[in-house]
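Enquirer: I have a structure here, written as structure tokens, and I will follow up with some questions on it.
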Amino acid sequence: MKPAPFAYYAPTTLDEALSLLSEHGYDAKVLAGGQSLVPMMNFRIAQPAVLVDINNISDLAYINAEEGGVRVGALTRHHQSETSPVMARHAPLIYSTMPKIAYPQVRTRGTFGGSLSHADPSAELPTLTTTLDAKFRLVSQRGERWVSASEFFIGLYTTALEPDEILVEGFVPELPPRSGWSLQEVNRRKHDFALAGVAAVLTLDESGICQDARLVFLSVGDRPMYAERASNLLKGQTLTPEAIRAATELATTEEIDPGDDIHATADFRRHLAKTLCQRAIEQAHQRAQGKQ
Amino acid sequence: MDKRLIGKRVVRNEDPRLLTGQAQYVDDVNLPNMAHAAMFRSEYAHARIRSIDVSKARAHSGVIAVYTAEDMGADCYPGPPLVSPPPTVKDVIFNSRRQVPLVKDKIRHAGEIIAVVIAETRYIAEDALDLIEIEYEPLPVVADIEKALEPNSPLVHDDLDSNLAAHLVQKKGDYESARASADVIIQRRFTIERGTAAAMENRGIVAQWDAKSEALTVWDTTQAPIPIRNGLAARLGLSESKVRVIAPFIGGGFGPKIMMFYSEEMLVPWLAIKLNRPVKWIEDRRENFYATTQERGQVHEVEMAFTRDGKILGIKDDFIHDTGAYDPYGLTTPLNTQSHVMGGYDIPNFTSEFRVAFTNKTIVTPMRGAGRPHGIYVIERMMDIAAKELGIDRVEIRRRNLIKPDAFPYEHGIIDQAFAPLIFDSGNYEAVLNETLKAVGYEKFIKEEQPRYRAEGRRVGIGVLPFIETTGVGPYEGARVTVEASGKIAVATGVGTQGQGHFTSFAQVVAEQLGVDVTDVRITTGDSAHFNWGTGTFASRGAVVAGNAMHAAATMVRKKILKLASKVLNAPEEELELEDGMVRVADIPQSSISLSDLAALANPLRGAVEPGTEPGLEATAYYGPQYGPTAFGVHAMIAEIDPETMMIKILRYVVTEDCGTILNPLILEGQIHGGVALGLGNAYYEKLHFDENAQLLNASFMDYLLVGSTEMPRIEVHHLETRSPLNELGTKGVGEAGAIPVPALFAQTMEDALYDYNLEIRETPLNPNRLFEIARKEKTA
Ligand SMILES: Cc1cc2nc3c(=O)[nH]c(=O)nc-3n(C[C@H](O)[C@H](O)[C@H](O)COP(=O)(O)OP(=O)(O)OC[C@H]3O[C@@H](n4cnc5c(N)ncnc54)[C@H](O)[C@@H]3O)c2cc1C
């Protein structure tokens with residue numbers, strides 16, 4: 001389990017890194033925390049000819065509060081997000097989910113940008129950023145662009161990133177008042193990728209009616225699965241058990257696409273998604289009412 | 001002062017070295033000019049090799065050599081059989097087929113080695129693997145053990161007319177007449193699937209050839225260094241004294257590391273001689289999933305006859321055992337299953353028949369538990385089913401059938417894994433059961449707590465069940481105990497060590513005899529240059545077989561010490577005491593001599609000695625039991641399950657173990673904790689998923705789910721000590737105990753937790769998905 005030969009660069013500035021990417025194109029891969037890329041290289045599933053290690057570029061690891069949300073640098077380690085008071089205050093959904101990602105050893109290396117760029121449909125951050133309607137700044141020698149999470153994740157391990165681009169940071173909007181959130185997932189072991197999971201955010205109006213809702217699933221499709229119709233179904237409603245059940249039913253019968261593997265059949269995943277969706281809406285609802 | 005050291009919670013002598021990274025493992029052996037080997041392994045499970053082209057690999061820069069079976073010529077022949085079939089059972093069928101170093105014509109499981117690349121680095125060697133071109137003719141695959149024995153199955157070994165590797169029937173009493181007089185007959189079918197031992201350290205071998213002195217040194221992660229040395233000497237045409245095999249610290253054995261001879265064990269030393277360069281091969285995790293032996297696959301068809309009040313009249317068990325592509329380890333595992341299908345119960349009539357099937361899967365050899373968990377699974381599932389059918393409490397039906405304390409030695413009239421008669425030497429089974437019930441609070445849970453949980457809609461179940469473990473089998477082990485000039489004690493034994501705490505528990509046995517501190521006893525294990533008789537570490541036998549050899553040798557040295565000291569101190573032996581590294585005359589503390597001074601006197605540099613004198617304070621002793629002692633235990637579990645997600649939470653886990661005399665409770669509990677972790681894996685997490693082409697679908701720790709610290713419950717261990725009358729120390733083994741009852745216990749607990757689903761679990765390992773399917777099916781049925 002040794003990787004195939006590769007050239008290794010460790011640029012200290014973003015410009016240098018971008019120039020290397022522009023030069024090597026599809027032959028190059030960015031190395032961030034290495035927690036996904038290095039195992040794939042050791043299995044020789046990934047055989048990049050060139051590695052551009054971005055760990056020596058300063059100023060890519062930060063969590064800054066801003067007007068309306070929080071800015072997160074690409075090299076922010078999971079452990080930083082997990083322990084950041086800024087994250088706790090402005091993006092509690094992310095903050096409280098971090099301990100569910102792998103185990104501490106992986107979280108001290110794995111990065112925000114790496115997890116998003118890797119776009120594993122079972123990973124939490126792609127789902128959470130989609131749920132929170134985050135956007136990402138992608139930079140190349142050709143310039144920069146902001147792409148929303150729902151446009152960024154295209155499919156299995158596939159994103160809007162071009163080979164010469166680096167995801168430099170993300171902006172995660174803060175939830176408005178009277179909002180609630182929840183992430184529910186089922187993992188075989190505490191640190192495993194989820195068999196199925198769902199994130200829910202809800203915002204209520206002053207009378208307690210659901211004003212806004214977003215339900216996004218993980219591990220039941222080739223990307224974060226935004227259940228748009230089910231989310232819309234909740235809007236304008238009082239969240240009675242029937243309303244919650246109806247949205248759950250719609251989301252989990254029509255808006256997810258679970259697959260079979262050795263850990264779970266599609267049927268079981270769908271069943272889990274349903275159970276979890278209901279629990280997530282209920283918990284988000286409780287939180288929105290200030291009950292938790 | 002209490003001079004007893006046996007039974008004390010002594011912290012481990014080896015831990016400082018292990019915890020600070022100073023212990024030597026095979027991969028720490030780095031020699032000048034050392035080359036690195038990488039194996040080209042078959043991706044097919046069953047295929048004929050049409051052609052092999054290694055020319056590009058040979059030409060790759062940094063490659064030293066590439067060998068195929070053809071290049072190895074006459075040296076490429078199978079390894080020796082490890083365990084021959086039982087001679088004492090009539091009509092036994094056993095077809096011995098063993099693995100070769102390199103496969104020439106037909107691949108029989110994915111991962112078999114076709115070629116080996118030796119290069120300046122492992123990286124280069126692996127790069128060159130990508131350049132080897134093989135043309136295969138894929139053959140129909142034998143993936144299922146039941147289909148393997150059907151008449152039209154493809155054949156794993158073409159020279160046999162079926163895939164039957166072995167067939168054996170054992171009987172006690174007369175099952176058929178028991179059946180005729182029974183009130184209730186219960187029949188069931190159980191399936192048990194494969195897992196892997198997943199030792200933290202994979203296998204590894206470093207071989208060094210010294211051409212000038214024609215001496216070979218091999219560092220090997222083997223549990224059986226002495227047989228490896230003897231076998232290598234024979235294979236390579238060397239004198240045994242010129243082959244040194246060292247099994248240094250090893251990161252876990254669990255059975256598979258005793259499967260001598262692995263292909264790599266035949267190959268790497270041969271390469272070192274051929275190339276006249278040290279060669280290192282370290283197995284990586286992916287290779288381990290294909291090439292290191294596995295265990296557990298069996299299918300049982302069982303029938304049991306009961307009286308109305310729950311007394312067992314008899315049991316009839318037919319099972320198929322999966323041996324994989326070869327059967328170098330003989331019948332150890334299925335024989336062990338047979339010995340455990342009666343559990344700890346008094347069962348007068350027994351018929352057990354097994355067929356062993358060749359399949360296109362990795363070789364099966366004993367893995368911690370080694371056939372025992374299967375037997376316990378079968379009997380204990382049957383006891384639960386019987387309890388339900390007869391309307392008797394599940395603890396009560398067991399109590400009625402456990403072997404009574406006055407029935408020992410309890411002779412079964414069949415043979416065990418070592419072909420010795422299956423005799424349970426001693427025990428107090430009901431007391432162990434009672435202790436566990438008390439500790440877990442069974443009555444209170446059933447009467448008060450469980451109804452409360454159920455009223456809250458929570459599904460919390462309890463399980464309690466007993467098991468036996470046959471341990472400490474022969475043939476023998478030995479030990480040499482020496483008082484060195486420093487006064488410290490050197491001890492050597494042939495068994496290897498893989499984390500069992502030998503450097504401490506053996507030291508306690510010796511230190512107690514010689515009146516020294518445990519830290520002053522230095523143990524050497526698994527180095528043929530230090531001790532070259534022995535078989536190995538397996539079958540929960542270290543403490544029993546090597547432990548009693550230690551004890552015997554230490555006792556002999558004690559006698560020598562007393563004899564010499566009596567002369568020197570001019571006092572009768574009975575008045576001498578050994579304490580703090582000194583021999584003292586009781587009540588006259590100033591009249592004493594240190595062991596160090598005595599050792600010098602026993603090995604004089606000048607002067608004449610009396611005829612017949614042996615130098616030094618040293619003795620070598622061997623211990624070989626007629627048959628092994630049998631340990632007993634009861635495990636109990638309280639667990640909650642979410643019936644929607646099938647996620648579990650273990651709230652209590654209680655173990656009561658009776659393995660005779662306890663050498664060191666700390667080490668004993670560690671053994672049990674590790675065993676339970678494997679048992680939980682076998683119950684709910686660990687399963688090798690093979691597809692219909694016998695391709696392994698989860699050959700990594702991403703997908704092969706080992707139980708981690710986050711899944712482990714706190715384990716409460718209680719002890720009872722019923723000394724074994726079979727050996728001086730009174731010990732019984734415990735190495736595999738923890739793993740044995742867990743899958744059956746888990747099934748019982750889940751059935752109890754999901755009481756309203758009316759479950760009957762007949763397979764292991766389970767997983768949430770499978771449990772969900774079973775629960776849904778049974779609920780709608
Ligand atoms: C045992 C284990 C368990 C895990 N469990 C979970 C889990 O439960 N949930 C979960 O979400 N994740 C889990 N992970 C994955 C972990 O979160 C990784 O850290 C993450 O997926 C990748 O982050 P990284 O920084 O390590 O990226 P790397 O491995 O360095 O890179 C991953 C990919 O992203 C690209 N890349 C990285 N950074 C950038 C960037 N800034 N711009 C453009 N491309 C980039 C790389 O080229 C590569 O293709 C687990 C990992 C391990 C090893």
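The chains in the structure tokens are called A, B, ... from first to last as shown; in each chain the residues are counted from 1, and the ligands are counted from 1 in the order shown.
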Could the residues that lie within 8 Å of ligand 1, counting only C-alpha atoms and all ligand atoms, be listed as a ChimeraX atom specification?
Expert: /A:28-39,54,74-75,77-78,100-103,106-107,109-120,122-126,138,161,165-169,191-194 /B:702
Enquirer: DSSP says strand (DSSP E or B) for which residues of range 264-493 of chain B? Put them as a PyMOL selection string?
Expert: chain B and resi 279-282+294-295+298-306+312-324+345+349-358+364+402+410-415+421-424+460-470+477-483+489-493
Enquirer: Could you save those same residues with C-alpha atoms as a compact mmCIF listing (two decimals), in the first residue's frame?
Expert:
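The resulting out_33.txt:
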```
# COMPACT_ATOMS: atom_id res chain seq x y z
CA VAL B 279 15.10 -9.50 2.62
CA LYS B 280 12.17 -7.86 4.36
CA TRP B 281 8.51 -8.38 3.68
CA ILE B 282 5.90 -6.60 5.73
CA GLN B 294 -9.63 -16.28 8.63
CA GLU B 295 -12.31 -18.18 10.47
CA GLN B 298 -20.19 -22.84 9.44
CA VAL B 299 -23.77 -23.95 8.83
CA HIS B 300 -25.46 -26.12 11.47
CA GLU B 301 -28.57 -28.27 11.32
CA VAL B 302 -29.37 -29.10 14.91
CA GLU B 303 -31.91 -31.17 16.70
CA MET B 304 -32.41 -31.41 20.45
CA ALA B 305 -34.57 -33.71 22.54
CA PHE B 306 -36.02 -32.43 25.82
CA ILE B 312 -31.85 -32.26 27.83
CA LEU B 313 -32.01 -35.84 26.61
CA GLY B 314 -29.80 -35.44 23.63
CA ILE B 315 -28.46 -33.37 20.80
CA LYS B 316 -27.76 -34.12 17.20
CA ASP B 317 -25.74 -31.66 15.21
CA ASP B 318 -24.76 -31.82 11.56
CA PHE B 319 -22.57 -29.07 10.32
CA ILE B 320 -20.47 -27.93 7.42
CA HIS B 321 -17.23 -26.13 8.12
CA ASP B 322 -15.53 -23.85 5.61
CA THR B 323 -11.77 -24.47 5.40
CA GLY B 324 -11.15 -22.20 2.42
CA TYR B 345 -24.43 -29.17 30.21
CA ASN B 349 -26.74 -38.55 24.17
CA PHE B 350 -24.88 -36.81 21.42
CA THR B 351 -24.29 -37.32 17.74
CA SER B 352 -22.25 -34.84 15.79
CA GLU B 353 -21.25 -35.10 12.20
CA PHE B 354 -19.25 -32.58 10.29
CA ARG B 355 -18.18 -32.14 6.73
CA VAL B 356 -15.38 -29.75 5.90
CA ALA B 357 -15.64 -28.03 2.52
CA PHE B 358 -12.97 -26.56 0.31
CA VAL B 364 -9.30 -21.02 7.47
CA LEU B 402 -25.53 -27.56 34.04
CA TYR B 410 -16.88 -35.25 33.57
CA GLU B 411 -15.97 -37.54 30.72
CA HIS B 412 -17.72 -37.07 27.40
CA GLY B 413 -16.45 -40.09 25.54
CA ILE B 414 -15.47 -38.11 22.48
CA ILE B 415 -12.16 -36.57 21.50
CA PRO B 421 -10.48 -37.49 25.44
CA LEU B 422 -12.89 -34.63 26.08
CA ILE B 423 -12.94 -34.52 29.86
CA PHE B 424 -13.99 -31.51 31.90
CA VAL B 460 -34.05 -2.73 27.02
CA GLY B 461 -33.16 -6.39 27.18
CA ILE B 462 -31.08 -8.65 29.37
CA GLY B 463 -29.10 -11.71 28.41
CA VAL B 464 -27.30 -14.26 30.58
CA LEU B 465 -25.52 -17.34 29.41
CA PRO B 466 -22.81 -19.81 30.33
CA PHE B 467 -20.01 -21.22 28.24
CA ILE B 468 -17.06 -23.54 28.54
CA GLU B 469 -13.62 -23.18 27.10
CA THR B 470 -11.40 -26.20 26.60
CA GLU B 477 6.16 -26.59 26.48
CA GLY B 478 9.40 -26.07 28.29
CA ALA B 479 11.29 -23.44 30.22
CA ARG B 480 14.78 -22.87 31.47
CA VAL B 481 15.29 -20.88 34.65
CA THR B 482 18.75 -19.57 35.51
CA VAL B 483 20.03 -17.56 38.43
CA ILE B 489 16.76 -14.52 37.04
CA ALA B 490 16.81 -15.34 33.34
CA VAL B 491 14.00 -17.43 31.97
CA ALA B 492 13.60 -18.72 28.45
CA THR B 493 10.72 -20.50 26.82
```
Enquirer: Counting only C-alpha atoms, what is within 12 Å of Ile256 in chain A, bar same-chain residues fewer than 6 positions away, as a short mmCIF file (atom, residue, chain, number, x, y, z; two decimals) with N, CA, C and O atoms, in the first residue's frame?
Expert:
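Result file follows (selection28.cif):
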```cif
data_model
loop_
_atom_site.label_atom_id
_atom_site.label_comp_id
_atom_site.auth_asym_id
_atom_site.auth_seq_id
_atom_site.Cartn_x
_atom_site.Cartn_y
_atom_site.Cartn_z
N PRO A 121 -20.61 12.16 -0.74
CA PRO A 121 -22.02 12.35 -0.41
C PRO A 121 -22.37 11.90 1.01
O PRO A 121 -23.48 12.18 1.48
N ALA A 196 -27.13 6.90 6.88
CA ALA A 196 -28.08 7.87 6.34
C ALA A 196 -28.11 9.02 7.32
O ALA A 196 -27.82 8.84 8.51
N GLY A 197 -28.43 10.19 6.83
CA GLY A 197 -28.51 11.33 7.73
C GLY A 197 -29.28 12.46 7.08
O GLY A 197 -29.53 12.44 5.87
N VAL A 198 -29.65 13.41 7.91
CA VAL A 198 -30.39 14.55 7.38
C VAL A 198 -30.14 15.76 8.27
O VAL A 198 -30.03 15.64 9.48
N LEU A 215 -34.42 21.00 4.15
CA LEU A 215 -34.08 19.63 4.54
C LEU A 215 -33.07 19.10 3.54
O LEU A 215 -33.33 19.10 2.34
N VAL A 216 -31.92 18.70 4.03
CA VAL A 216 -30.90 18.16 3.12
C VAL A 216 -30.38 16.84 3.70
O VAL A 216 -30.02 16.77 4.88
N PHE A 217 -30.33 15.82 2.86
CA PHE A 217 -29.95 14.47 3.29
C PHE A 217 -28.52 14.13 2.90
O PHE A 217 -27.99 14.65 1.92
N LEU A 218 -27.90 13.26 3.69
CA LEU A 218 -26.59 12.74 3.30
C LEU A 218 -26.63 11.22 3.24
O LEU A 218 -27.50 10.59 3.86
N SER A 219 -25.73 10.67 2.45
CA SER A 219 -25.60 9.20 2.28
C SER A 219 -26.79 8.54 1.60
O SER A 219 -26.94 7.33 1.66
N VAL A 220 -27.66 9.32 0.99
CA VAL A 220 -28.80 8.71 0.29
C VAL A 220 -28.91 9.27 -1.13
O VAL A 220 -30.01 9.49 -1.64
N GLY A 221 -27.78 9.50 -1.75
CA GLY A 221 -27.77 10.01 -3.10
C GLY A 221 -26.33 10.26 -3.50
O GLY A 221 -25.41 9.93 -2.74
N ASP A 222 -26.09 10.81 -4.65
CA ASP A 222 -24.71 11.00 -5.10
C ASP A 222 -24.13 12.34 -4.67
O ASP A 222 -23.01 12.70 -5.01
N ARG A 223 -24.92 13.11 -3.92
CA ARG A 223 -24.48 14.42 -3.43
C ARG A 223 -25.40 14.79 -2.27
O ARG A 223 -26.33 14.03 -1.97
N PRO A 224 -25.18 15.93 -1.63
CA PRO A 224 -26.14 16.34 -0.62
C PRO A 224 -27.51 16.44 -1.28
O PRO A 224 -27.66 17.11 -2.30
N MET A 225 -28.51 15.77 -0.74
CA MET A 225 -29.81 15.72 -1.41
C MET A 225 -30.75 16.73 -0.76
O MET A 225 -31.30 16.50 0.32
N TYR A 226 -30.93 17.86 -1.43
CA TYR A 226 -31.83 18.91 -0.95
C TYR A 226 -33.25 18.51 -1.32
O TYR A 226 -33.57 18.38 -2.51
N ALA A 227 -34.09 18.33 -0.30
CA ALA A 227 -35.49 17.94 -0.56
C ALA A 227 -36.30 19.23 -0.68
O ALA A 227 -36.92 19.70 0.28
N GLU A 228 -36.26 19.76 -1.84
CA GLU A 228 -36.83 21.10 -2.04
C GLU A 228 -38.34 21.10 -1.89
O GLU A 228 -38.92 21.97 -1.22
N ARG A 229 -38.97 20.10 -2.45
CA ARG A 229 -40.44 20.08 -2.40
C ARG A 229 -40.92 19.84 -0.98
O ARG A 229 -41.86 20.49 -0.52
N ALA A 230 -40.29 18.94 -0.31
CA ALA A 230 -40.69 18.69 1.09
C ALA A 230 -40.44 19.93 1.93
O ALA A 230 -41.25 20.28 2.80
N THR A 248 -41.97 14.56 5.60
CA THR A 248 -41.02 13.45 5.69
C THR A 248 -41.31 12.41 4.61
O THR A 248 -40.40 11.93 3.92
N GLU A 249 -42.57 12.11 4.47
CA GLU A 249 -43.00 11.12 3.48
C GLU A 249 -42.58 11.56 2.07
O GLU A 249 -41.97 10.79 1.32
N LEU A 250 -42.87 12.81 1.76
CA LEU A 250 -42.54 13.33 0.43
C LEU A 250 -41.03 13.29 0.20
O LEU A 250 -40.54 12.80 -0.82
N ALA A 266 -30.78 -0.19 0.04
CA ALA A 266 -31.48 1.07 -0.25
C ALA A 266 -32.75 1.17 0.60
O ALA A 266 -33.08 2.24 1.12
N ASP A 267 -33.44 0.06 0.76
CA ASP A 267 -34.67 0.06 1.56
C ASP A 267 -34.41 0.50 3.00
O ASP A 267 -35.16 1.30 3.56
N ARG A 269 -31.86 2.16 4.10
CA ARG A 269 -31.43 3.57 4.12
C ARG A 269 -32.64 4.49 4.03
O ARG A 269 -32.72 5.51 4.69
N ARG A 270 -33.59 4.12 3.19
CA ARG A 270 -34.79 4.94 3.05
C ARG A 270 -35.57 4.97 4.37
O ARG A 270 -36.04 6.01 4.82
N HIS A 271 -35.66 3.79 4.97
CA HIS A 271 -36.34 3.73 6.26
C HIS A 271 -35.64 4.62 7.29
O HIS A 271 -36.29 5.35 8.04
N LEU A 272 -34.31 4.53 7.31
CA LEU A 272 -33.56 5.36 8.27
C LEU A 272 -33.78 6.83 7.97
O LEU A 272 -33.99 7.64 8.88
N ALA A 273 -33.72 7.18 6.68
CA ALA A 273 -33.88 8.58 6.30
C ALA A 273 -35.22 9.10 6.80
O ALA A 273 -35.33 10.23 7.31
N LYS A 274 -36.21 8.27 6.70
CA LYS A 274 -37.55 8.66 7.12
C LYS A 274 -37.61 8.88 8.63
O LYS A 274 -38.08 9.92 9.11
N CYS A 277 -35.54 11.97 9.43
CA CYS A 277 -36.10 13.22 8.94
C CYS A 277 -37.16 13.72 9.92
O CYS A 277 -37.18 14.89 10.31
#
```
Enquirer: Set the cut-off to 7 Å and count only C-alpha atoms: what are the residues of chain A that reach chain B? Output as a PyMOL selection string.
Expert: chain A and resi 1-2+4+189-190+264+268+272+275
Enquirer: What is the CA of Glu70 in chain B-CA of Pro101 in chain B distance in Å, reported with one decimal?
Expert: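 Rounded to one decimal, the two atoms are 11.3 Å apart.
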Enquirer: Need to verify the contact set: range 172-182 of chain A, 10 Å, only C-alpha atoms, exclusion of same-chain residues closer than 6 positions in sequence. Can you return it as an NGL selection string?
Expert: :A and (65-72 or 87 or 89-94 or 96-97 or 128-136 or 149 or 198-206 or 208 or 210-215 or 277 or 279-292)
Enquirer: As a ChimeraX atom specification, please: the residues near Ile273 in chain B (cut-off 6 Å, only C-alpha atoms, same-chain neighbours under 3 positions excluded).
Expert: /B:209,270,276
Enquirer: May I ask for the distance between CA of Phe445 in chain B and CA of Met637 in chain B, given in Å to one decimal place?
Expert: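 Computing it gives 11.3 Å between the two atoms.
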Enquirer: Excluding Leu238 in chain B and its own-chain neighbours fewer than 6 positions away, which residues fall within 9 Å of it when counting only C-alpha atoms? Please give them as a ChimeraX atom specification.
Expert: /B:214-216,232
Enquirer: Based on the selection just made, write N, CA, C and O atoms of those residues as a JSON list (two decimals), in the first residue's frame.
Expert:
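Output contents, as saved in out16.json:
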```
[["chain", "number", "residue", "atom", "x", "y", "z"],
["B", 214, "GLU", "N", 27.10, -20.06, 6.99],
["B", 214, "GLU", "CA", 25.92, -20.83, 6.57],
["B", 214, "GLU", "C", 24.83, -20.81, 7.62],
["B", 214, "GLU", "O", 24.31, -21.85, 8.02],
["B", 215, "ALA", "N", 24.54, -19.62, 8.08],
["B", 215, "ALA", "CA", 23.54, -19.50, 9.14],
["B", 215, "ALA", "C", 22.43, -18.55, 8.69],
["B", 215, "ALA", "O", 22.68, -17.52, 8.06],
["B", 216, "LEU", "N", 21.23, -18.94, 9.02],
["B", 216, "LEU", "CA", 20.06, -18.16, 8.63],
["B", 216, "LEU", "C", 19.38, -17.62, 9.89],
["B", 216, "LEU", "O", 19.16, -18.36, 10.85],
["B", 232, "LEU", "N", 11.85, -24.78, 8.52],
["B", 232, "LEU", "CA", 12.72, -24.06, 7.58],
["B", 232, "LEU", "C", 14.02, -24.81, 7.38],
["B", 232, "LEU", "O", 14.51, -24.93, 6.25]]
```
Enquirer: Step one, run DSSP on the backbone; step two, keep only residues of range 653-701 of chain B assigned to helix (DSSP H, G or I); then write them as a list in words.
Expert: Pro665, Leu666, Ile667, Leu668, Glu669, Gly670, Gln671, Ile672, His673, Gly674, Gly675, Val676, Ala677, Leu678, Gly679, Leu680, Gly681, Asn682, Ala683, Tyr684 and Tyr685 of chain B
Enquirer: Let me make sure I understand: among A:Thr76, A:Thr13, A:Asn187, A:Gln105, which one has the smallest atom-to-atom distance to Asn56 in chain A if we use only C-alpha atoms?
Expert: A:Thr13
Enquirer: Can you pull out the residues contacting range 623-626 of chain B? Cut-off 9 Å, using only C-alpha atoms, and skip same-chain residues under 4 positions away; I want them as an MDAnalysis selection string.
Expert: chainID B and resid 420:421 472:479 544:550 552 726:727
